[in-house]
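Dropping coords34.pdb in here (PDB, C-alpha atoms and all ligand atoms):
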```
ATOM      1  CA  MET A   1    -123.815 -39.781 -98.203
ATOM      2  CA  ASP A   2    -125.895 -37.652 -95.820
ATOM      3  CA  ARG A   3    -126.274 -39.324 -92.456
ATOM      4  CA  ASP A   4    -130.061 -38.851 -92.519
ATOM      5  CA  LYS A   5    -130.268 -40.818 -95.803
ATOM      6  CA  GLU A   6    -129.106 -44.360 -96.233
ATOM      7  CA  ILE A   7    -129.539 -47.156 -98.785
ATOM      8  CA  ILE A   8    -129.559 -50.678 -97.336
ATOM      9  CA  ALA A   9    -129.749 -54.117 -98.967
ATOM     10  CA  VAL A  10    -133.072 -55.887 -98.383
ATOM     11  CA  THR A  11    -132.368 -59.452 -97.305
ATOM     12  CA  GLU A  12    -134.031 -60.185 -93.950
ATOM     13  CA  PRO A  13    -137.753 -60.972 -93.519
ATOM     14  CA  VAL A  14    -138.244 -57.775 -91.469
ATOM     15  CA  GLU A  15    -136.811 -55.678 -94.347
ATOM     16  CA  ILE A  16    -138.920 -57.537 -96.915
ATOM     17  CA  ALA A  17    -141.980 -56.767 -94.763
ATOM     18  CA  GLN A  18    -141.025 -53.066 -94.808
ATOM     19  CA  VAL A  19    -140.793 -53.154 -98.632
ATOM     20  CA  VAL A  20    -144.215 -54.842 -98.827
ATOM     21  CA  GLU A  21    -145.645 -51.985 -96.729
ATOM     22  CA  LEU A  22    -143.906 -49.299 -98.812
ATOM     23  CA  ALA A  23    -145.147 -50.912-102.045
ATOM     24  CA  ASP A  24    -148.698 -51.115-100.727
ATOM     25  CA  ASP A  25    -148.723 -47.420 -99.720
ATOM     26  CA  ILE A  26    -146.920 -46.055-102.791
ATOM     27  CA  TRP A  27    -148.593 -48.199-105.475
ATOM     28  CA  ARG A  28    -152.121 -47.504-104.170
ATOM     29  CA  GLU A  29    -151.438 -43.764-103.942
ATOM     30  CA  HIS A  30    -149.636 -43.496-107.280
ATOM     31  CA  TYR A  31    -151.067 -46.112-109.643
ATOM     32  CA  THR A  32    -154.798 -46.231-108.831
ATOM     33  CA  SER A  33    -155.483 -43.224-111.077
ATOM     34  CA  ILE A  34    -153.230 -44.618-113.828
ATOM     35  CA  ILE A  35    -154.213 -48.311-114.051
ATOM     36  CA  GLY A  36    -157.224 -48.652-111.703
ATOM     37  CA  GLU A  37    -157.704 -50.344-108.339
ATOM     38  CA  ASP A  38    -158.246 -53.883-109.711
ATOM     39  CA  GLN A  39    -154.932 -53.916-111.574
ATOM     40  CA  VAL A  40    -153.115 -52.371-108.577
ATOM     41  CA  ASN A  41    -154.477 -55.137-106.306
ATOM     42  CA  TYR A  42    -153.541 -57.803-108.851
ATOM     43  CA  MET A  43    -150.000 -56.462-109.356
ATOM     44  CA  LEU A  44    -149.335 -55.937-105.628
ATOM     45  CA  HIS A  45    -150.331 -59.542-104.940
ATOM     46  CA  LYS A  46    -148.422 -60.962-107.917
ATOM     47  CA  PHE A  47    -145.215 -58.898-107.671
ATOM     48  CA  GLN A  48    -144.920 -57.264-104.226
ATOM     49  CA  SER A  49    -146.116 -59.793-101.660
ATOM     50  CA  ALA A  50    -143.426 -61.051 -99.248
ATOM     51  CA  ASP A  51    -143.429 -64.434-101.025
ATOM     52  CA  ALA A  52    -143.136 -62.832-104.479
ATOM     53  CA  ILE A  53    -140.202 -60.661-103.331
ATOM     54  CA  LYS A  54    -138.459 -63.661-101.731
ATOM     55  CA  THR A  55    -138.860 -65.600-104.989
ATOM     56  CA  GLN A  56    -137.513 -62.675-107.035
ATOM     57  CA  ILE A  57    -134.469 -62.344-104.734
ATOM     58  CA  GLY A  58    -133.893 -66.096-105.113
ATOM     59  CA  GLU A  59    -133.936 -65.596-108.885
ATOM     60  CA  GLY A  60    -131.300 -62.841-108.772
ATOM     61  CA  ALA A  61    -133.270 -59.655-108.118
ATOM     62  CA  ARG A  62    -131.576 -57.193-105.791
ATOM     63  CA  TYR A  63    -133.770 -55.086-103.548
ATOM     64  CA  TYR A  64    -132.554 -51.984-101.713
ATOM     65  CA  MET A  65    -134.444 -49.758 -99.310
ATOM     66  CA  LEU A  66    -133.927 -46.042 -98.823
ATOM     67  CA  LEU A  67    -134.068 -44.882 -95.211
ATOM     68  CA  HIS A  68    -134.745 -41.225 -94.401
ATOM     69  CA  ASN A  69    -134.131 -40.397 -90.738
ATOM     70  CA  ASN A  70    -134.128 -44.185 -90.203
ATOM     71  CA  ASP A  71    -137.663 -44.569 -91.622
ATOM     72  CA  PRO A  72    -138.395 -46.509 -94.839
ATOM     73  CA  ALA A  73    -138.791 -43.802 -97.505
ATOM     74  CA  GLY A  74    -138.463 -45.695-100.786
ATOM     75  CA  TYR A  75    -137.054 -48.760-102.484
ATOM     76  CA  CYS A  76    -135.645 -50.052-105.721
ATOM     77  CA  SER A  77    -135.074 -53.412-107.349
ATOM     78  CA  PHE A  78    -132.926 -54.429-110.279
ATOM     79  CA  TYR A  79    -131.354 -57.348-112.126
ATOM     80  CA  LEU A  80    -127.773 -57.436-113.375
ATOM     81  CA  LYS A  81    -128.045 -58.834-116.891
ATOM     82  CA  GLU A  82    -125.290 -59.573-119.386
ATOM     83  CA  SER A  83    -125.698 -56.395-121.384
ATOM     84  CA  GLU A  84    -127.286 -53.990-118.888
ATOM     85  CA  LEU A  85    -128.706 -53.404-115.437
ATOM     86  CA  PHE A  86    -132.478 -53.765-115.692
ATOM     87  CA  LEU A  87    -134.164 -51.438-113.196
ATOM     88  CA  SER A  88    -137.415 -53.136-112.297
ATOM     89  CA  LYS A  89    -138.646 -50.772-109.560
ATOM     90  CA  ILE A  90    -137.813 -47.365-108.112
ATOM     91  CA  TYR A  91    -140.190 -45.625-105.745
ATOM     92  CA  VAL A  92    -140.078 -42.758-103.245
ATOM     93  CA  ARG A  93    -142.894 -41.944-100.823
ATOM     94  CA  LYS A  94    -145.054 -39.101-102.163
ATOM     95  CA  ASN A  95    -144.248 -36.612 -99.363
ATOM     96  CA  LEU A  96    -140.508 -37.054-100.004
ATOM     97  CA  ARG A  97    -140.453 -36.749-103.817
ATOM     98  CA  GLY A  98    -138.645 -33.936-105.599
ATOM     99  CA  LYS A  99    -135.980 -33.666-102.868
ATOM    100  CA  GLY A 100    -133.211 -35.599-104.569
ATOM    101  CA  LEU A 101    -133.905 -39.024-103.027
ATOM    102  CA  GLY A 102    -134.799 -40.717-106.323
ATOM    103  CA  GLY A 103    -131.680 -39.176-107.869
ATOM    104  CA  MET A 104    -129.615 -40.549-104.983
ATOM    105  CA  MET A 105    -131.010 -44.053-105.550
ATOM    106  CA  MET A 106    -130.358 -43.705-109.280
ATOM    107  CA  ARG A 107    -126.684 -42.765-108.640
ATOM    108  CA  PHE A 108    -126.382 -45.798-106.376
ATOM    109  CA  ILE A 109    -127.925 -48.001-109.102
ATOM    110  CA  GLN A 110    -125.630 -46.591-111.804
ATOM    111  CA  ASP A 111    -122.602 -47.161-109.530
ATOM    112  CA  GLU A 112    -123.703 -50.795-109.090
ATOM    113  CA  ALA A 113    -123.942 -51.138-112.879
ATOM    114  CA  LYS A 114    -120.457 -49.645-113.288
ATOM    115  CA  ARG A 115    -118.997 -51.879-110.556
ATOM    116  CA  ASN A 116    -120.266 -54.840-112.559
ATOM    117  CA  GLY A 117    -118.733 -53.635-115.814
ATOM    118  CA  LEU A 118    -122.064 -52.590-117.350
ATOM    119  CA  HIS A 119    -122.633 -49.479-119.447
ATOM    120  CA  GLN A 120    -126.412 -49.266-119.602
ATOM    121  CA  ILE A 121    -129.562 -49.145-117.461
ATOM    122  CA  GLY A 122    -132.899 -50.222-118.969
ATOM    123  CA  LEU A 123    -136.340 -49.730-117.445
ATOM    124  CA  THR A 124    -140.007 -49.727-118.374
ATOM    125  CA  VAL A 125    -142.492 -47.090-117.274
ATOM    126  CA  ASN A 126    -146.240 -46.791-117.795
ATOM    127  CA  LYS A 127    -147.007 -44.529-120.767
ATOM    128  CA  ASN A 128    -149.313 -42.406-118.577
ATOM    129  CA  ASN A 129    -146.805 -42.045-115.714
ATOM    130  CA  ALA A 130    -145.856 -38.584-117.010
ATOM    131  CA  ARG A 131    -144.081 -37.236-113.908
ATOM    132  CA  SER A 132    -141.814 -40.254-113.624
ATOM    133  CA  ILE A 133    -141.045 -40.152-117.362
ATOM    134  CA  ALA A 134    -140.084 -36.468-116.917
ATOM    135  CA  ALA A 135    -137.857 -37.379-113.953
ATOM    136  CA  TYR A 136    -136.185 -40.203-115.930
ATOM    137  CA  ILE A 137    -135.467 -37.825-118.820
ATOM    138  CA  LYS A 138    -133.862 -35.374-116.341
ATOM    139  CA  LEU A 139    -131.834 -38.295-115.016
ATOM    140  CA  GLY A 140    -130.460 -39.014-118.512
ATOM    141  CA  PHE A 141    -132.821 -41.701-119.888
ATOM    142  CA  LYS A 142    -134.190 -41.756-123.429
ATOM    143  CA  LYS A 143    -137.443 -43.246-124.684
ATOM    144  CA  ILE A 144    -136.642 -46.245-126.903
ATOM    145  CA  LYS A 145    -140.004 -47.765-127.874
ATOM    146  CA  PRO A 146    -143.478 -48.659-126.613
ATOM    147  CA  LEU A 147    -143.763 -52.065-124.933
ATOM    148  CA  VAL A 148    -147.014 -53.870-124.080
ATOM    149  CA  MET A 149    -146.698 -56.859-121.729
ATOM    150  CA  ASP A 150    -149.433 -59.325-120.842
ATOM    151  CA  ILE A 151    -149.326 -59.935-117.065
ATOM    152  CA  GLY A 152    -152.285 -62.325-116.890
ATOM    153  CA  ASN A 153    -155.911 -62.031-115.682
ATOM    154  CA  GLY A 154    -156.729 -59.786-118.650
ATOM    155  CA  PHE A 155    -154.260 -57.078-117.556
ATOM    156  CA  VAL A 156    -151.422 -55.572-119.579
ATOM    157  CA  MET A 157    -148.547 -53.242-118.754
ATOM    158  CA  ASP A 158    -148.692 -50.488-121.348
ATOM    159  CA  ASP A 159    -145.181 -49.089-121.076
ATOM    160  CA  PHE A 160    -142.322 -47.248-122.699
ATOM    161  CA  LEU A 161    -138.903 -48.875-122.716
ATOM    162  CA  MET A 162    -136.294 -46.306-121.633
ATOM    163  CA  LYS A 163    -132.515 -46.595-121.491
ATOM    164  CA  LYS A 164    -129.518 -44.685-120.215
ATOM    165  CA  SER A 165    -126.036 -45.514-121.549
ATOM    166  CA  TRP A 166    -122.568 -44.172-120.747
TER
HETATM  167  C1  LIG B 201    -139.707 -41.300-110.118
HETATM  168  C2  LIG B 201    -139.240 -41.064-108.674
HETATM  169  C3  LIG B 201    -138.602 -42.340-108.131
HETATM  170  C4  LIG B 201    -138.192 -39.934-108.663
HETATM  171  O1  LIG B 201    -137.790 -39.719-107.321
HETATM  172  P1  LIG B 201    -137.674 -38.238-106.715
HETATM  173  O2  LIG B 201    -137.116 -38.363-105.339
HETATM  174  O3  LIG B 201    -138.969 -37.546-106.864
HETATM  175  O4  LIG B 201    -136.586 -37.622-107.719
HETATM  176  P2  LIG B 201    -135.549 -36.451-107.454
HETATM  177  O5  LIG B 201    -136.108 -35.432-106.540
HETATM  178  O6  LIG B 201    -134.230 -37.046-107.066
HETATM  179  O7  LIG B 201    -135.433 -35.878-108.925
HETATM  180  C5  LIG B 201    -134.605 -36.474-109.913
HETATM  181  C6  LIG B 201    -134.570 -35.570-111.139
HETATM  182  O8  LIG B 201    -135.850 -35.631-111.772
HETATM  183  C7  LIG B 201    -136.434 -34.337-111.795
HETATM  184  N1  LIG B 201    -137.859 -34.496-111.491
HETATM  185  C8  LIG B 201    -138.401 -35.115-110.417
HETATM  186  N2  LIG B 201    -139.751 -35.088-110.506
HETATM  187  C9  LIG B 201    -140.028 -34.441-111.667
HETATM  188  C10 LIG B 201    -141.244 -34.079-112.317
HETATM  189  N3  LIG B 201    -142.426 -34.398-111.795
HETATM  190  N4  LIG B 201    -141.164 -33.419-113.480
HETATM  191  C11 LIG B 201    -139.960 -33.098-114.027
HETATM  192  N5  LIG B 201    -138.774 -33.418-113.466
HETATM  193  C12 LIG B 201    -138.823 -34.069-112.296
HETATM  194  C13 LIG B 201    -135.725 -33.546-110.726
HETATM  195  O9  LIG B 201    -135.732 -32.162-111.004
HETATM  196  C14 LIG B 201    -134.337 -34.110-110.794
HETATM  197  O10 LIG B 201    -133.624 -33.563-111.872
HETATM  198  P3  LIG B 201    -132.140 -32.974-111.660
HETATM  199  O11 LIG B 201    -131.318 -34.179-111.245
HETATM  200  O12 LIG B 201    -131.791 -32.422-113.001
HETATM  201  O13 LIG B 201    -132.286 -31.974-110.563
HETATM  202  C15 LIG B 201    -140.399 -40.615-107.759
HETATM  203  O14 LIG B 201    -140.938 -39.418-108.234
HETATM  204  C16 LIG B 201    -141.519 -41.620-107.596
HETATM  205  O15 LIG B 201    -141.461 -42.495-106.725
HETATM  206  N6  LIG B 201    -142.607 -41.493-108.404
HETATM  207  C17 LIG B 201    -143.785 -42.276-108.252
HETATM  208  C18 LIG B 201    -143.579 -43.727-108.445
HETATM  209  C19 LIG B 201    -143.110 -44.077-109.825
HETATM  210  O16 LIG B 201    -143.779 -43.800-110.790
HETATM  211  N7  LIG B 201    -141.929 -44.700-109.921
HETATM  212  C20 LIG B 201    -141.381 -45.101-111.185
HETATM  213  C21 LIG B 201    -141.982 -46.372-111.646
HETATM  214  S1  LIG B 201    -141.433 -46.827-113.269
END
```

In structure tokens, what does this structure look like?
Ligand SMILES: CC(C)(COP(=O)(O)OP(=O)(O)OC[C@H]1O[C@@H](n2cnc3c(N)ncnc32)[C@H](O)[C@@H]1OP(=O)(O)O)[C@@H](O)C(=O)NCCC(=O)NCCS
Amino acid sequence: MDRDKEIIAVTEPVEIAQVVELADDIWREHYTSIIGEDQVNYMLHKFQSADAIKTQIGEGARYYMLLHNNDPAGYCSFYLKESELFLSKIYVRKNLRGKGLGGMMMRFIQDEAKRNGLHQIGLTVNKNNARSIAAYIKLGFKKIKPLVMDIGNGFVMDDFLMKKSW
């Protein structure tokens, strides 16, 4: 691994606070044009507040942060399920995209799946998140089916389910 890039487990309150800040920056920048400001605010509060992340970790979610020159540059979160690793989140700061950092996180995630005897990664991605869908296809994922999930307050996640198997 390059010394200027590092993936660390998120466990301490200070690291959770750094993920909250990354999520706030990246989600506002990336998702406002896709799902609108109201849904971004709702989802940040519901899924990416410090309390929400602590609860998710308590329920088995694993969070990892990507450091670039020691600065928080991205993060990911996943669950190890019986039949697959479910990748819940993977984000890289806008100014650092397209430089191999997402691919590096994805290799780390796939290695974690393999270490746990799993042969598949599943994820969901917004149908209008075209650049990320293109990146996932380059990274070996296939579109499986559309998936609409009610997340409360009149909002839905209008996604594709994608999977990569080996
Ligand atoms: C999706 C994301 C994590 C990928 O991270 P990244 O650092 O940009 O990805 P990389 O530079 O490592 O690229 C990985 C592969 O995808 C390809 N790729 C990246 N962006 C692409 C794009 N916009 N169009 C087509 N291919 C793309 C790269 O060429 C590379 O392919 P290769 O391995 O064959 O060379 C990042 O772009 C991101 O944070 N996007 C916004 C947030 C988001 O939507 N996250 C996903 C939520 S479901």

Query raised in the report: Can you list, as a ChimeraX atom specification, every protein, DNA or RNA residue that comes within 10 Å of Arg62 in chain A when you count all atoms listed in the file, leaving out same-chain residues fewer than 3 positions away?
Result: /A:9-11,53,56-59,76-80,87-88

Query raised in the report: If you measure from CA of Gly117 in chain A to CA of Lys163 in chain A, what distance in Å do you get, rounded to one decimal?
Result: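 Separating CA of Gly117 in chain A from CA of Lys163 in chain A is a distance of 16.5 Å.
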
If I wrap all listed atoms of ligand LIG 201 (chain B) in a box with edges along x, y and z and add 6 Å on each side, what are its centre and edge lengths in Å to one decimal, as JSON?
```
{"center_x": -137.6, "center_y": -39.4, "center_z": -109.7, "size_x": 24.5, "size_y": 26.9, "size_z": 20.7}
```

**Report entry** Among the residues A:His45, A:Lys138, A:Arg28, A:His68, the one that comes closest to ligand LIG 201 (chain B) [using all atoms listed in the file]
**Finding:** A:Lys138

Write out, as a Markdown table, each residue of chain A that has an atom at most 6 Å from ligand LIG 201 (chain B), together with the closest pair of atoms and their distance in Å to one decimal, counting only C-alpha atoms and all ligand atoms, rows going by chain and rising number.
```
| residue | atom | partner | partner_atom | distance |
| --- | --- | --- | --- | --- |
| A:Lys89 | CA | B:LIG201 | C21 | 5.9 |
| A:Ile90 | CA | B:LIG201 | C3 | 5.1 |
| A:Tyr91 | CA | B:LIG201 | O15 | 3.5 |
| A:Val92 | CA | B:LIG201 | O15 | 3.8 |
| A:Arg97 | CA | B:LIG201 | O3 | 3.5 |
| A:Gly98 | CA | B:LIG201 | O5 | 3.1 |
| A:Lys99 | CA | B:LIG201 | O5 | 4.1 |
| A:Gly100 | CA | B:LIG201 | O6 | 3.1 |
| A:Leu101 | CA | B:LIG201 | O2 | 4.0 |
| A:Gly102 | CA | B:LIG201 | O1 | 3.3 |
| A:Gly103 | CA | B:LIG201 | O6 | 3.4 |
| A:Val125 | CA | B:LIG201 | S1 | 4.2 |
| A:Arg131 | CA | B:LIG201 | N3 | 3.9 |
| A:Ser132 | CA | B:LIG201 | C1 | 4.2 |
| A:Ala134 | CA | B:LIG201 | C11 | 4.4 |
| A:Ala135 | CA | B:LIG201 | O8 | 3.4 |
| A:Lys138 | CA | B:LIG201 | O10 | 4.8 |
| A:Leu139 | CA | B:LIG201 | C6 | 5.5 |
```

Report task. Find the distance between CA of Phe160 in chain A and CA of Lys143 in chain A and write it in Å to one decimal. Result ->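 Spanning CA of Phe160 in chain A to CA of Lys143 in chain A is a straight-line distance of 6.6 Å.
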
Requested in this report: Name every residue that the PyMOL selection byres (((chain A and resi 12-17) around 10) and not hetatm) selects in this structure, writing the answer as a PyMOL selection string with chains first and numbers rising.
Outcome: chain A and resi 8-11+18-23+48-51+53-54+63-65+72

Requested in this report: Work out how far apart CA of Asp159 in chain A and CA of Tyr31 in chain A are and give it in Å to one decimal.
Outcome: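 Straight-line distance from CA of Asp159 in chain A to CA of Tyr31 in chain A works out to 13.2 Å.
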
**Report entry** Polymer residues at most 10 Å from range 40-44 of chain A, all atoms listed in the file, same-chain spacing of 2 or more positions, as a VMD selection string
**Finding:** chain A and resid 20 23 to 24 27 to 38 46 to 49 52 151 to 153 155

Could you please take those selected residues and save C-alpha atoms as a CSV table (one decimal), in the coordinates of the input?
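File out.csv, as written:
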```
chain,number,residue,atom,x,y,z
A,20,VAL,CA,-144.2,-54.8,-98.8
A,23,ALA,CA,-145.1,-50.9,-102.0
A,24,ASP,CA,-148.7,-51.1,-100.7
A,27,TRP,CA,-148.6,-48.2,-105.5
A,28,ARG,CA,-152.1,-47.5,-104.2
A,29,GLU,CA,-151.4,-43.8,-103.9
A,30,HIS,CA,-149.6,-43.5,-107.3
A,31,TYR,CA,-151.1,-46.1,-109.6
A,32,THR,CA,-154.8,-46.2,-108.8
A,33,SER,CA,-155.5,-43.2,-111.1
A,34,ILE,CA,-153.2,-44.6,-113.8
A,35,ILE,CA,-154.2,-48.3,-114.1
A,36,GLY,CA,-157.2,-48.7,-111.7
A,37,GLU,CA,-157.7,-50.3,-108.3
A,38,ASP,CA,-158.2,-53.9,-109.7
A,46,LYS,CA,-148.4,-61.0,-107.9
A,47,PHE,CA,-145.2,-58.9,-107.7
A,48,GLN,CA,-144.9,-57.3,-104.2
A,49,SER,CA,-146.1,-59.8,-101.7
A,52,ALA,CA,-143.1,-62.8,-104.5
A,151,ILE,CA,-149.3,-59.9,-117.1
A,152,GLY,CA,-152.3,-62.3,-116.9
A,153,ASN,CA,-155.9,-62.0,-115.7
A,155,PHE,CA,-154.3,-57.1,-117.6
```

Query raised in the report: Hey, what's within 7 Å of Ser165 in chain A if we count all atoms listed in the file and toss same-chain stuff fewer than 6 positions away? As a PyMOL selection string, please?
Result: chain A and resi 119-121

Could you please take those selected residues and save C-alpha atoms as an mmCIF file, keeping the file's coordinate frame?
```cif
data_model
loop_
_atom_site.group_PDB
_atom_site.id
_atom_site.type_symbol
_atom_site.label_atom_id
_atom_site.label_comp_id
_atom_site.auth_asym_id
_atom_site.auth_seq_id
_atom_site.Cartn_x
_atom_site.Cartn_y
_atom_site.Cartn_z
ATOM 1 C CA HIS A 119 -122.633 -49.479 -119.447
ATOM 2 C CA GLN A 120 -126.412 -49.266 -119.602
ATOM 3 C CA ILE A 121 -129.562 -49.145 -117.461
#
```

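The residues returned by the PyMOL selection byres (((chain A and resi 161) around 12) and not hetatm) on the shown structure are A:Phe86, A:Leu87, A:Ser88, A:Ile121, A:Gly122, A:Leu123, A:Thr124, A:Val125, A:Asn126, A:Lys127, A:Ile133, A:Tyr136, A:Phe141, A:Lys142, A:Lys143, A:Ile144, A:Lys145, A:Pro146, A:Leu147, A:Val148, A:Met149, A:Met157, A:Asp158, A:Asp159, A:Phe160, A:Met162, A:Lys163, A:Lys164.
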
Requested in this report: Find the residues near Arg93 in chain A: any atom within 7 Å, counting only C-alpha atoms, skip ones fewer than 6 places away on the same chain, and give them as a PyMOL selection string.
Outcome: chain A and resi 26+73-74

Query raised in the report: Pick the closest to Glu6 in chain A from A:Asp111, A:Asp25, A:Glu84, A:Asp71: which is it, counting all atoms listed in the file?
Result: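 Looking at the shortest contact to Glu6 in chain A, the residue is A:Asp71.
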
Query raised in the report: With only C-alpha atoms as the atoms that count, which of A:Leu66, A:Ile7, A:Leu85, A:Ala61 lies nearest to Gln110 in chain A?
Result: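 Between A:Leu66, A:Ile7, A:Leu85, A:Ala61, the residue approaching Gln110 in chain A most closely is A:Leu85.
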
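The smallest atom-to-atom distance between Lys114 in chain A and any of A:Trp166, A:Gly140, A:Tyr75, A:Asn128, using all atoms listed in the file, is found for A:Trp166.
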
Using the structure block above, produce a file of range 99-107 of chain A that contains all heavy atoms, as a PDB file, in the first residue's frame.
```
ATOM      1  N   LYS A  99      -8.657   8.672  -9.322  1.00  0.00           N
ATOM      2  CA  LYS A  99      -7.208   8.481  -9.124  1.00  0.00           C
ATOM      3  C   LYS A  99      -6.896   7.114  -8.526  1.00  0.00           C
ATOM      4  O   LYS A  99      -5.803   6.900  -8.012  1.00  0.00           O
ATOM      5  CB  LYS A  99      -6.666   9.564  -8.186  1.00  0.00           C
ATOM      6  CG  LYS A  99      -6.842  10.988  -8.682  1.00  0.00           C
ATOM      7  CD  LYS A  99      -6.338  11.958  -7.606  1.00  0.00           C
ATOM      8  CE  LYS A  99      -6.710  13.394  -7.892  1.00  0.00           C
ATOM      9  NZ  LYS A  99      -6.038  13.921  -9.083  1.00  0.00           N
ATOM     10  N   GLY A 100      -7.885   6.241  -8.529  1.00  0.00           N
ATOM     11  CA  GLY A 100      -7.613   4.883  -8.031  1.00  0.00           C
ATOM     12  C   GLY A 100      -7.953   4.659  -6.565  1.00  0.00           C
ATOM     13  O   GLY A 100      -7.783   3.554  -6.053  1.00  0.00           O
ATOM     14  N   LEU A 101      -8.433   5.694  -5.862  1.00  0.00           N
ATOM     15  CA  LEU A 101      -8.692   5.525  -4.423  1.00  0.00           C
ATOM     16  C   LEU A 101      -9.923   4.647  -4.169  1.00  0.00           C
ATOM     17  O   LEU A 101      -9.908   3.789  -3.277  1.00  0.00           O
ATOM     18  CB  LEU A 101      -8.859   6.890  -3.750  1.00  0.00           C
ATOM     19  CG  LEU A 101      -7.591   7.759  -3.739  1.00  0.00           C
ATOM     20  CD1 LEU A 101      -7.917   9.148  -3.194  1.00  0.00           C
ATOM     21  CD2 LEU A 101      -6.503   7.126  -2.892  1.00  0.00           C
ATOM     22  N   GLY A 102     -10.977   4.853  -4.959  1.00  0.00           N
ATOM     23  CA  GLY A 102     -12.168   4.013  -4.824  1.00  0.00           C
ATOM     24  C   GLY A 102     -11.823   2.559  -5.140  1.00  0.00           C
ATOM     25  O   GLY A 102     -12.266   1.641  -4.445  1.00  0.00           O
ATOM     26  N   GLY A 103     -11.006   2.364  -6.173  1.00  0.00           N
ATOM     27  CA  GLY A 103     -10.577   1.009  -6.539  1.00  0.00           C
ATOM     28  C   GLY A 103      -9.785   0.368  -5.411  1.00  0.00           C
ATOM     29  O   GLY A 103      -9.943  -0.819  -5.125  1.00  0.00           O
ATOM     30  N   MET A 104      -8.955   1.183  -4.748  1.00  0.00           N
ATOM     31  CA  MET A 104      -8.166   0.664  -3.616  1.00  0.00           C
ATOM     32  C   MET A 104      -9.090   0.234  -2.472  1.00  0.00           C
ATOM     33  O   MET A 104      -8.910  -0.837  -1.883  1.00  0.00           O
ATOM     34  CB  MET A 104      -7.213   1.768  -3.157  1.00  0.00           C
ATOM     35  CG  MET A 104      -6.366   1.413  -1.977  1.00  0.00           C
ATOM     36  SD  MET A 104      -5.315   2.833  -1.567  1.00  0.00           S
ATOM     37  CE  MET A 104      -5.232   2.647   0.194  1.00  0.00           C
ATOM     38  N   MET A 105     -10.105   1.062  -2.183  1.00  0.00           N
ATOM     39  CA  MET A 105     -11.058   0.668  -1.128  1.00  0.00           C
ATOM     40  C   MET A 105     -11.791  -0.608  -1.537  1.00  0.00           C
ATOM     41  O   MET A 105     -12.030  -1.493  -0.725  1.00  0.00           O
ATOM     42  CB  MET A 105     -12.061   1.801  -0.852  1.00  0.00           C
ATOM     43  CG  MET A 105     -11.549   2.798   0.158  1.00  0.00           C
ATOM     44  SD  MET A 105     -12.870   3.747   0.945  1.00  0.00           S
ATOM     45  CE  MET A 105     -13.270   4.897  -0.357  1.00  0.00           C
ATOM     46  N   MET A 106     -12.157  -0.685  -2.829  1.00  0.00           N
ATOM     47  CA  MET A 106     -12.909  -1.858  -3.285  1.00  0.00           C
ATOM     48  C   MET A 106     -12.060  -3.125  -3.163  1.00  0.00           C
ATOM     49  O   MET A 106     -12.571  -4.183  -2.777  1.00  0.00           O
ATOM     50  CB  MET A 106     -13.367  -1.633  -4.731  1.00  0.00           C
ATOM     51  CG  MET A 106     -14.492  -2.508  -5.152  1.00  0.00           C
ATOM     52  SD  MET A 106     -15.996  -2.359  -4.153  1.00  0.00           S
ATOM     53  CE  MET A 106     -16.943  -1.224  -5.154  1.00  0.00           C
ATOM     54  N   ARG A 107     -10.744  -3.035  -3.450  1.00  0.00           N
ATOM     55  CA  ARG A 107      -9.874  -4.219  -3.282  1.00  0.00           C
ATOM     56  C   ARG A 107      -9.816  -4.619  -1.808  1.00  0.00           C
ATOM     57  O   ARG A 107      -9.859  -5.798  -1.478  1.00  0.00           O
ATOM     58  CB  ARG A 107      -8.459  -3.920  -3.810  1.00  0.00           C
ATOM     59  CG  ARG A 107      -8.348  -4.026  -5.331  1.00  0.00           C
ATOM     60  CD  ARG A 107      -6.907  -4.026  -5.788  1.00  0.00           C
ATOM     61  NE  ARG A 107      -6.212  -2.788  -5.461  1.00  0.00           N
ATOM     62  CZ  ARG A 107      -6.334  -1.653  -6.138  1.00  0.00           C
ATOM     63  NH1 ARG A 107      -7.139  -1.586  -7.199  1.00  0.00           N
ATOM     64  NH2 ARG A 107      -5.670  -0.571  -5.774  1.00  0.00           N
TER      65      ARG A 107
END
```
